[in-house]
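Everything below belongs to work_29.txt, which stores compact mmCIF, N, CA and C atoms.
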# COMPACT_ATOMS: atom_id res chain seq x y z
N MET A 1 106.18 110.22 120.99
CA MET A 1 106.63 109.62 119.75
C MET A 1 106.46 110.58 118.58
N ARG A 2 105.42 111.41 118.64
CA ARG A 2 105.21 112.35 117.52
C ARG A 2 106.35 113.36 117.44
N LEU A 3 106.85 113.80 118.60
CA LEU A 3 107.96 114.75 118.59
C LEU A 3 109.19 114.13 117.93
N ALA A 4 109.47 112.88 118.24
CA ALA A 4 110.61 112.20 117.59
C ALA A 4 110.38 112.09 116.09
N ALA A 5 109.14 111.78 115.69
CA ALA A 5 108.83 111.68 114.26
C ALA A 5 109.00 113.03 113.57
N ILE A 6 108.64 114.11 114.25
CA ILE A 6 108.81 115.45 113.68
C ILE A 6 110.29 115.74 113.44
N VAL A 7 111.10 115.52 114.47
CA VAL A 7 112.53 115.84 114.37
C VAL A 7 113.21 114.96 113.32
N ILE A 8 112.97 113.65 113.39
CA ILE A 8 113.62 112.74 112.45
C ILE A 8 113.09 112.93 111.03
N GLY A 9 111.79 113.19 110.90
CA GLY A 9 111.20 113.42 109.57
C GLY A 9 111.77 114.65 108.90
N TRP A 10 111.86 115.75 109.63
CA TRP A 10 112.43 116.97 109.04
C TRP A 10 113.92 116.80 108.76
N ALA A 11 114.62 116.07 109.64
CA ALA A 11 116.04 115.78 109.39
C ALA A 11 116.19 114.95 108.12
N ALA A 12 115.29 114.01 107.92
CA ALA A 12 115.32 113.18 106.70
C ALA A 12 115.12 114.05 105.46
N LEU A 13 114.18 114.99 105.52
CA LEU A 13 113.98 115.89 104.37
C LEU A 13 115.21 116.75 104.11
N LEU A 14 115.84 117.22 105.18
CA LEU A 14 117.06 118.02 105.00
C LEU A 14 118.16 117.18 104.37
N LEU A 15 118.33 115.95 104.83
CA LEU A 15 119.33 115.07 104.25
C LEU A 15 119.01 114.77 102.78
N ILE A 16 117.74 114.58 102.48
CA ILE A 16 117.33 114.35 101.09
C ILE A 16 117.71 115.54 100.21
N MET A 17 117.43 116.75 100.70
CA MET A 17 117.74 117.94 99.91
C MET A 17 119.24 118.08 99.67
N VAL A 18 120.04 117.87 100.71
CA VAL A 18 121.49 117.99 100.57
C VAL A 18 122.02 116.91 99.62
N ALA A 19 121.56 115.68 99.81
CA ALA A 19 122.04 114.58 98.97
C ALA A 19 121.61 114.75 97.51
N THR A 20 120.43 115.29 97.30
CA THR A 20 119.92 115.45 95.94
C THR A 20 120.64 116.55 95.18
N LEU A 21 121.01 117.61 95.86
CA LEU A 21 121.59 118.76 95.17
C LEU A 21 123.11 118.82 95.23
N SER A 22 123.73 117.92 95.97
CA SER A 22 125.19 117.91 96.04
C SER A 22 125.77 117.19 94.81
N PRO A 23 127.04 117.44 94.53
CA PRO A 23 127.66 116.71 93.42
C PRO A 23 127.57 115.19 93.66
N ILE A 24 127.55 114.43 92.60
CA ILE A 24 127.32 112.99 92.69
C ILE A 24 128.35 112.30 93.59
N ASP A 25 129.59 112.77 93.58
CA ASP A 25 130.62 112.15 94.40
C ASP A 25 130.42 112.41 95.89
N ALA A 26 129.70 113.47 96.24
CA ALA A 26 129.48 113.81 97.65
C ALA A 26 128.20 113.17 98.20
N ARG A 27 127.44 112.54 97.35
CA ARG A 27 126.17 111.94 97.77
C ARG A 27 126.43 110.68 98.56
N PRO A 28 125.74 110.52 99.71
CA PRO A 28 125.90 109.27 100.46
C PRO A 28 125.30 108.10 99.67
N HIS A 29 125.91 106.94 99.79
CA HIS A 29 125.46 105.76 99.06
C HIS A 29 125.24 104.59 100.01
N ILE A 30 124.28 103.75 99.67
CA ILE A 30 124.10 102.45 100.31
C ILE A 30 124.20 101.45 99.16
N PRO A 31 125.38 100.91 98.91
CA PRO A 31 125.60 100.09 97.72
C PRO A 31 124.63 98.91 97.58
N GLU A 32 124.21 98.32 98.69
CA GLU A 32 123.33 97.17 98.63
C GLU A 32 121.96 97.50 98.05
N LEU A 33 121.53 98.74 98.17
CA LEU A 33 120.19 99.13 97.70
C LEU A 33 120.16 99.58 96.25
N GLY A 34 121.24 100.15 95.78
CA GLY A 34 121.22 100.74 94.45
C GLY A 34 120.55 102.11 94.51
N ALA A 35 120.66 102.87 93.44
CA ALA A 35 120.16 104.25 93.44
C ALA A 35 118.65 104.32 93.63
N ASN A 36 117.89 103.48 92.92
CA ASN A 36 116.44 103.53 93.08
C ASN A 36 116.00 103.08 94.47
N GLY A 37 116.67 102.10 95.02
CA GLY A 37 116.36 101.67 96.38
C GLY A 37 116.62 102.77 97.39
N GLU A 38 117.73 103.48 97.22
CA GLU A 38 118.05 104.61 98.10
C GLU A 38 116.99 105.70 98.00
N ARG A 39 116.63 106.02 96.76
CA ARG A 39 115.60 107.06 96.55
C ARG A 39 114.29 106.67 97.22
N PHE A 40 113.85 105.46 96.93
CA PHE A 40 112.58 104.99 97.46
C PHE A 40 112.60 104.99 98.99
N LEU A 41 113.64 104.42 99.58
CA LEU A 41 113.72 104.32 101.03
C LEU A 41 113.77 105.68 101.71
N ALA A 42 114.52 106.62 101.15
CA ALA A 42 114.62 107.96 101.75
C ALA A 42 113.26 108.65 101.77
N TYR A 43 112.56 108.61 100.66
CA TYR A 43 111.25 109.26 100.59
C TYR A 43 110.18 108.48 101.36
N PHE A 44 110.31 107.15 101.39
CA PHE A 44 109.39 106.32 102.19
C PHE A 44 109.50 106.72 103.66
N ALA A 45 110.74 106.83 104.16
CA ALA A 45 110.96 107.19 105.56
C ALA A 45 110.42 108.60 105.85
N ALA A 46 110.73 109.55 104.99
CA ALA A 46 110.25 110.91 105.22
C ALA A 46 108.73 110.97 105.17
N GLY A 47 108.13 110.29 104.20
CA GLY A 47 106.67 110.28 104.09
C GLY A 47 106.01 109.63 105.28
N ALA A 48 106.56 108.50 105.73
CA ALA A 48 105.98 107.80 106.88
C ALA A 48 106.13 108.61 108.15
N LEU A 49 107.32 109.13 108.40
CA LEU A 49 107.56 109.88 109.64
C LEU A 49 106.73 111.15 109.71
N LEU A 50 106.71 111.93 108.63
CA LEU A 50 105.98 113.19 108.68
C LEU A 50 104.46 112.98 108.62
N SER A 51 104.03 111.91 108.00
CA SER A 51 102.59 111.59 108.02
C SER A 51 102.15 111.19 109.42
N PHE A 52 103.01 110.45 110.11
CA PHE A 52 102.72 110.10 111.50
C PHE A 52 102.78 111.34 112.40
N ALA A 53 103.74 112.21 112.12
CA ALA A 53 103.93 113.41 112.94
C ALA A 53 102.77 114.40 112.81
N TYR A 54 102.20 114.48 111.62
CA TYR A 54 101.12 115.43 111.35
C TYR A 54 99.90 114.70 110.79
N PRO A 55 99.20 113.93 111.61
CA PRO A 55 98.11 113.09 111.09
C PRO A 55 96.95 113.88 110.50
N ARG A 56 96.66 115.05 111.01
CA ARG A 56 95.54 115.84 110.48
C ARG A 56 95.86 116.49 109.15
N GLN A 57 97.14 116.64 108.87
CA GLN A 57 97.57 117.25 107.61
C GLN A 57 98.27 116.23 106.71
N ARG A 58 97.97 114.96 106.88
CA ARG A 58 98.68 113.89 106.18
C ARG A 58 98.74 114.12 104.67
N TRP A 59 97.63 114.44 104.05
CA TRP A 59 97.62 114.59 102.59
C TRP A 59 98.33 115.86 102.15
N LEU A 60 98.26 116.89 102.97
CA LEU A 60 99.01 118.11 102.68
C LEU A 60 100.52 117.84 102.78
N VAL A 61 100.91 117.10 103.81
CA VAL A 61 102.32 116.74 103.99
C VAL A 61 102.81 115.92 102.79
N LEU A 62 102.04 114.92 102.41
CA LEU A 62 102.45 114.08 101.28
C LEU A 62 102.49 114.87 99.98
N GLY A 63 101.54 115.76 99.79
CA GLY A 63 101.57 116.63 98.61
C GLY A 63 102.81 117.51 98.59
N GLY A 64 103.18 118.00 99.77
CA GLY A 64 104.39 118.81 99.87
C GLY A 64 105.65 118.03 99.57
N ILE A 65 105.70 116.79 100.05
CA ILE A 65 106.88 115.96 99.78
C ILE A 65 106.96 115.61 98.30
N VAL A 66 105.82 115.32 97.68
CA VAL A 66 105.80 115.05 96.24
C VAL A 66 106.26 116.29 95.47
N ALA A 67 105.76 117.46 95.85
CA ALA A 67 106.19 118.70 95.19
C ALA A 67 107.68 118.93 95.39
N LEU A 68 108.18 118.65 96.58
CA LEU A 68 109.61 118.78 96.84
C LEU A 68 110.41 117.82 95.96
N ALA A 69 109.95 116.58 95.84
CA ALA A 69 110.65 115.60 95.00
C ALA A 69 110.72 116.08 93.55
N LEU A 70 109.61 116.58 93.04
CA LEU A 70 109.59 117.08 91.66
C LEU A 70 110.49 118.29 91.50
N GLY A 71 110.44 119.20 92.45
CA GLY A 71 111.28 120.40 92.39
C GLY A 71 112.76 120.07 92.49
N LEU A 72 113.11 119.17 93.40
CA LEU A 72 114.52 118.79 93.54
C LEU A 72 115.03 118.07 92.29
N GLU A 73 114.17 117.27 91.71
CA GLU A 73 114.57 116.56 90.48
C GLU A 73 114.86 117.58 89.37
N TRP A 74 114.03 118.61 89.27
CA TRP A 74 114.27 119.67 88.29
C TRP A 74 115.55 120.43 88.61
N LEU A 75 115.77 120.72 89.91
CA LEU A 75 116.96 121.47 90.30
C LEU A 75 118.25 120.70 90.01
N GLN A 76 118.16 119.37 89.95
CA GLN A 76 119.35 118.58 89.65
C GLN A 76 119.90 118.90 88.26
N THR A 77 119.06 119.39 87.39
CA THR A 77 119.53 119.72 86.04
C THR A 77 120.51 120.90 86.06
N TRP A 78 120.55 121.64 87.16
CA TRP A 78 121.45 122.77 87.29
C TRP A 78 122.82 122.36 87.82
N GLU A 79 122.93 121.14 88.37
CA GLU A 79 124.21 120.63 88.89
C GLU A 79 124.86 119.82 87.77
N ALA A 80 126.12 120.16 87.45
CA ALA A 80 126.80 119.57 86.29
C ALA A 80 126.94 118.06 86.36
N THR A 81 127.11 117.50 87.55
CA THR A 81 127.33 116.05 87.66
C THR A 81 126.04 115.27 87.88
N ARG A 82 124.91 115.96 87.90
CA ARG A 82 123.63 115.29 88.19
C ARG A 82 122.70 115.42 87.00
N HIS A 83 121.59 114.69 87.05
CA HIS A 83 120.58 114.77 86.01
C HIS A 83 119.22 114.53 86.66
N GLY A 84 118.24 115.24 86.20
CA GLY A 84 116.88 115.04 86.70
C GLY A 84 116.08 114.22 85.70
N LEU A 85 115.59 113.07 86.14
CA LEU A 85 114.84 112.20 85.24
C LEU A 85 113.44 111.93 85.78
N PRO A 86 112.46 111.88 84.89
CA PRO A 86 111.09 111.60 85.34
C PRO A 86 110.96 110.28 86.08
N ARG A 87 111.68 109.25 85.67
CA ARG A 87 111.56 107.95 86.36
C ARG A 87 112.10 108.04 87.78
N ASP A 88 113.13 108.84 88.01
CA ASP A 88 113.64 109.03 89.36
C ASP A 88 112.59 109.74 90.22
N ALA A 89 111.93 110.73 89.64
CA ALA A 89 110.88 111.45 90.37
C ALA A 89 109.73 110.51 90.73
N LEU A 90 109.39 109.61 89.83
CA LEU A 90 108.31 108.65 90.12
C LEU A 90 108.67 107.72 91.28
N VAL A 91 109.91 107.27 91.32
CA VAL A 91 110.36 106.41 92.42
C VAL A 91 110.26 107.17 93.75
N LYS A 92 110.68 108.41 93.74
CA LYS A 92 110.64 109.23 94.95
C LYS A 92 109.20 109.47 95.40
N CYS A 93 108.35 109.83 94.47
CA CYS A 93 106.94 110.09 94.80
C CYS A 93 106.26 108.82 95.30
N ALA A 94 106.54 107.69 94.68
CA ALA A 94 105.96 106.43 95.12
C ALA A 94 106.41 106.09 96.54
N GLY A 95 107.67 106.31 96.85
CA GLY A 95 108.18 106.06 98.19
C GLY A 95 107.47 106.92 99.23
N ALA A 96 107.32 108.21 98.95
CA ALA A 96 106.67 109.11 99.89
C ALA A 96 105.21 108.73 100.11
N VAL A 97 104.49 108.46 99.03
CA VAL A 97 103.07 108.14 99.14
C VAL A 97 102.86 106.79 99.85
N LEU A 98 103.67 105.80 99.51
CA LEU A 98 103.54 104.51 100.17
C LEU A 98 103.92 104.59 101.65
N GLY A 99 104.95 105.35 101.97
CA GLY A 99 105.33 105.54 103.37
C GLY A 99 104.23 106.23 104.16
N GLY A 100 103.67 107.29 103.59
CA GLY A 100 102.59 108.01 104.26
C GLY A 100 101.34 107.17 104.39
N THR A 101 101.03 106.39 103.37
CA THR A 101 99.86 105.52 103.42
C THR A 101 100.03 104.44 104.47
N LEU A 102 101.21 103.86 104.54
CA LEU A 102 101.47 102.84 105.55
C LEU A 102 101.37 103.42 106.95
N ALA A 103 101.90 104.60 107.16
CA ALA A 103 101.81 105.26 108.47
C ALA A 103 100.34 105.49 108.83
N GLY A 104 99.55 105.93 107.87
CA GLY A 104 98.12 106.14 108.13
C GLY A 104 97.40 104.85 108.45
N LEU A 105 97.71 103.78 107.73
CA LEU A 105 97.07 102.49 108.00
C LEU A 105 97.47 101.93 109.36
N LEU A 106 98.73 102.06 109.73
CA LEU A 106 99.16 101.59 111.04
C LEU A 106 98.49 102.38 112.17
N GLU A 107 98.39 103.67 111.98
CA GLU A 107 97.73 104.50 112.98
C GLU A 107 96.26 104.13 113.11
N LEU A 108 95.60 103.88 111.99
CA LEU A 108 94.20 103.47 112.01
C LEU A 108 94.04 102.12 112.73
N MET A 109 94.91 101.20 112.47
CA MET A 109 94.85 99.90 113.14
C MET A 109 95.05 100.05 114.65
N LEU A 110 95.99 100.88 115.05
CA LEU A 110 96.21 101.09 116.48
C LEU A 110 95.03 101.77 117.14
N ARG A 111 94.42 102.71 116.45
CA ARG A 111 93.27 103.42 116.98
C ARG A 111 92.09 102.47 117.15
N ARG A 112 91.87 101.60 116.18
CA ARG A 112 90.75 100.65 116.25
C ARG A 112 90.97 99.61 117.33
N ARG A 113 92.23 99.28 117.57
CA ARG A 113 92.56 98.29 118.59
C ARG A 113 92.24 98.81 119.98
N GLY A 114 92.37 100.10 120.16
CA GLY A 114 92.06 100.72 121.46
C GLY A 114 93.22 100.65 122.41
N PRO A 115 93.00 101.12 123.63
CA PRO A 115 94.08 101.13 124.62
C PRO A 115 94.50 99.71 125.00
N ALA A 116 95.78 99.58 125.25
CA ALA A 116 96.33 98.24 125.59
C ALA A 116 95.96 97.80 126.98

Kindly transcribe the structure held in the file into structure tokens.
Amino acid sequence: MRLAAIVIGWAALLLIMVATLSPIDARPHIPELGANGERFLAYFAAGALLSFAYPRQRWLVLGGIVALALGLEWLQTWEATRHGLPRDALVKCAGAVLGGTLAGLLELMLRRRGPA
């Protein structure tokens, strides 16, 4: 399962980078979620998957994702159709941290439960 989390987690980060830096018309949308919902869910998934994939480096992974979110938000200012806003960065960082925290809590619960 960790190998799948590694592959899907890194793929999620790659998709996040492409979607964040592409022109607004080329960005994938999930209309039902809205922009903040999309941001939160994307970073939540990446944070949860990579935190599960690298449990010993969980806080380093989450710090890296937060740094990536901040950097990508700044880089959006270089794309004419995009804008980097602090509130967008906060939504992304919250998604990553909550996803990673949830993954850690679930892993702790499974470990305490013991073998099935």

* **DSSP helix (DSSP H, G or I) selection over chain A, as a VMD selection string** => chain A and resid 2 to 21 24 to 26 34 to 53 55 to 78 86 to 113

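Pairwise distance (CA of Leu108 in chain A, CA of Ala96 in chain A) equals 18.3 Å.
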
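Neighbouring residues of Ala69 in chain A at 7 Å or closer, counting all atoms listed in the file and skipping chain neighbours under 5 positions away, are Gly64, Trp74, Ala89, Lys92 and Cys93 of chain A.
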
May I have the residues from that selection written out with N, CA and C atoms, as an mmCIF file, keeping the file's coordinate frame?
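Generated file (out.cif):
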data_model
loop_
_atom_site.group_PDB
_atom_site.id
_atom_site.type_symbol
_atom_site.label_atom_id
_atom_site.label_comp_id
_atom_site.auth_asym_id
_atom_site.auth_seq_id
_atom_site.Cartn_x
_atom_site.Cartn_y
_atom_site.Cartn_z
ATOM 1 N N GLY A 64 103.180 118.000 99.770
ATOM 2 C CA GLY A 64 104.390 118.810 99.870
ATOM 3 C C GLY A 64 105.650 118.030 99.570
ATOM 4 N N TRP A 74 114.030 118.610 89.270
ATOM 5 C CA TRP A 74 114.270 119.670 88.290
ATOM 6 C C TRP A 74 115.550 120.430 88.610
ATOM 7 N N ALA A 89 111.930 110.730 89.640
ATOM 8 C CA ALA A 89 110.880 111.450 90.370
ATOM 9 C C ALA A 89 109.730 110.510 90.730
ATOM 10 N N LYS A 92 110.680 108.410 93.740
ATOM 11 C CA LYS A 92 110.640 109.230 94.950
ATOM 12 C C LYS A 92 109.200 109.470 95.400
ATOM 13 N N CYS A 93 108.350 109.830 94.470
ATOM 14 C CA CYS A 93 106.940 110.090 94.800
ATOM 15 C C CYS A 93 106.260 108.820 95.300
#

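With distances restricted to all atoms listed in the file, A:Leu49 is the closest residue to Trp10 in chain A from A:Ala42, A:Leu60, A:Leu49, A:Leu68.
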
* **Surrounding residues of Tyr43 in chain A excluding itself and chain neighbours under 5 positions, 6.5 Å, only N, CA and C atoms, as a VMD selection string** => chain A and resid 38 48 92 95 to 97 99

I'd like the contact shell of range 13-23 of chain A - 7 Å cut-off, only N, CA and C atoms, skipping same-chain residues fewer than 3 positions apart - returned as an mmCIF file with N, CA and C atoms, in the frame of the given file.
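part.cif, written as the output of this step:
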data_model
loop_
_atom_site.group_PDB
_atom_site.id
_atom_site.type_symbol
_atom_site.label_atom_id
_atom_site.label_comp_id
_atom_site.auth_asym_id
_atom_site.auth_seq_id
_atom_site.Cartn_x
_atom_site.Cartn_y
_atom_site.Cartn_z
ATOM 1 N N ILE A 8 112.970 113.650 113.390
ATOM 2 C CA ILE A 8 113.620 112.740 112.450
ATOM 3 C C ILE A 8 113.090 112.930 111.030
ATOM 4 N N GLY A 9 111.790 113.190 110.900
ATOM 5 C CA GLY A 9 111.200 113.420 109.570
ATOM 6 C C GLY A 9 111.770 114.650 108.900
ATOM 7 N N TRP A 10 111.860 115.750 109.630
ATOM 8 C CA TRP A 10 112.430 116.970 109.040
ATOM 9 C C TRP A 10 113.920 116.800 108.760
ATOM 10 N N ALA A 26 129.700 113.470 96.240
ATOM 11 C CA ALA A 26 129.480 113.810 97.650
ATOM 12 C C ALA A 26 128.200 113.170 98.200
ATOM 13 N N ARG A 27 127.440 112.540 97.350
ATOM 14 C CA ARG A 27 126.170 111.940 97.770
ATOM 15 C C ARG A 27 126.430 110.680 98.560
ATOM 16 N N PRO A 28 125.740 110.520 99.710
ATOM 17 C CA PRO A 28 125.900 109.270 100.460
ATOM 18 C C PRO A 28 125.300 108.100 99.670
ATOM 19 N N ALA A 42 114.520 106.620 101.150
ATOM 20 C CA ALA A 42 114.620 107.960 101.750
ATOM 21 C C ALA A 42 113.260 108.650 101.770
ATOM 22 N N ALA A 46 110.730 109.550 104.990
ATOM 23 C CA ALA A 46 110.250 110.910 105.220
ATOM 24 C C ALA A 46 108.730 110.970 105.170
ATOM 25 N N LEU A 72 113.110 119.170 93.400
ATOM 26 C CA LEU A 72 114.520 118.790 93.540
ATOM 27 C C LEU A 72 115.030 118.070 92.290
ATOM 28 N N LEU A 75 115.770 120.720 89.910
ATOM 29 C CA LEU A 75 116.960 121.470 90.300
ATOM 30 C C LEU A 75 118.250 120.700 90.010
ATOM 31 N N GLN A 76 118.160 119.370 89.950
ATOM 32 C CA GLN A 76 119.350 118.580 89.650
ATOM 33 C C GLN A 76 119.900 118.900 88.260
ATOM 34 N N GLU A 79 122.930 121.140 88.370
ATOM 35 C CA GLU A 79 124.210 120.630 88.890
ATOM 36 C C GLU A 79 124.860 119.820 87.770
ATOM 37 N N THR A 81 127.110 117.500 87.550
ATOM 38 C CA THR A 81 127.330 116.050 87.660
ATOM 39 C C THR A 81 126.040 115.270 87.880
ATOM 40 N N ARG A 82 124.910 115.960 87.900
ATOM 41 C CA ARG A 82 123.630 115.290 88.190
ATOM 42 C C ARG A 82 122.700 115.420 87.000
#

* Asked: What is the CA of Ile30 in chain A-CA of Glu107 in chain A distance in Å, reported with one decimal?
  -> 29.3 Å

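Atom C of Leu102 in chain A sits 17.8 Å away from atom C of Leu90 in chain A.
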
Quick one: what's the axis-aligned box for range 78-97 of chain A, all listed atoms, 5 Å on every side, centre and edges in Å to one decimal, as JSON?
{"center_x": 115.1, "center_y": 114.4, "center_z": 92.5, "size_x": 34.5, "size_y": 26.7, "size_z": 25.2}

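Distances to Val91 in chain A were evaluated for A:Ala11, A:His29, A:Leu106, A:Phe44 using all atoms listed in the file, and the minimum falls at A:Phe44.
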
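With all atoms listed in the file as the basis for measurement, A:Ala53 is the residue among A:Met109, A:Ala67, A:Ala53, A:Leu98 that approaches Ile6 in chain A most closely.
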
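Protein, DNA and RNA residues at most 8 Å from (97.6, 111.0, 110.9), with all atoms listed in the file, are these: Leu50, Ser51, Phe52, Ala53, Tyr54, Pro55, Arg56, Gln57, Arg58, Trp59, Ala103, Gly104, Leu105, Glu107 and Leu108 of chain A.
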
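Restricting the calculation to only C-alpha atoms, the smallest distance between Gly71 in chain A and any of A:Leu85, A:Leu110, A:Leu41, A:Ala35 is found for A:Leu85.
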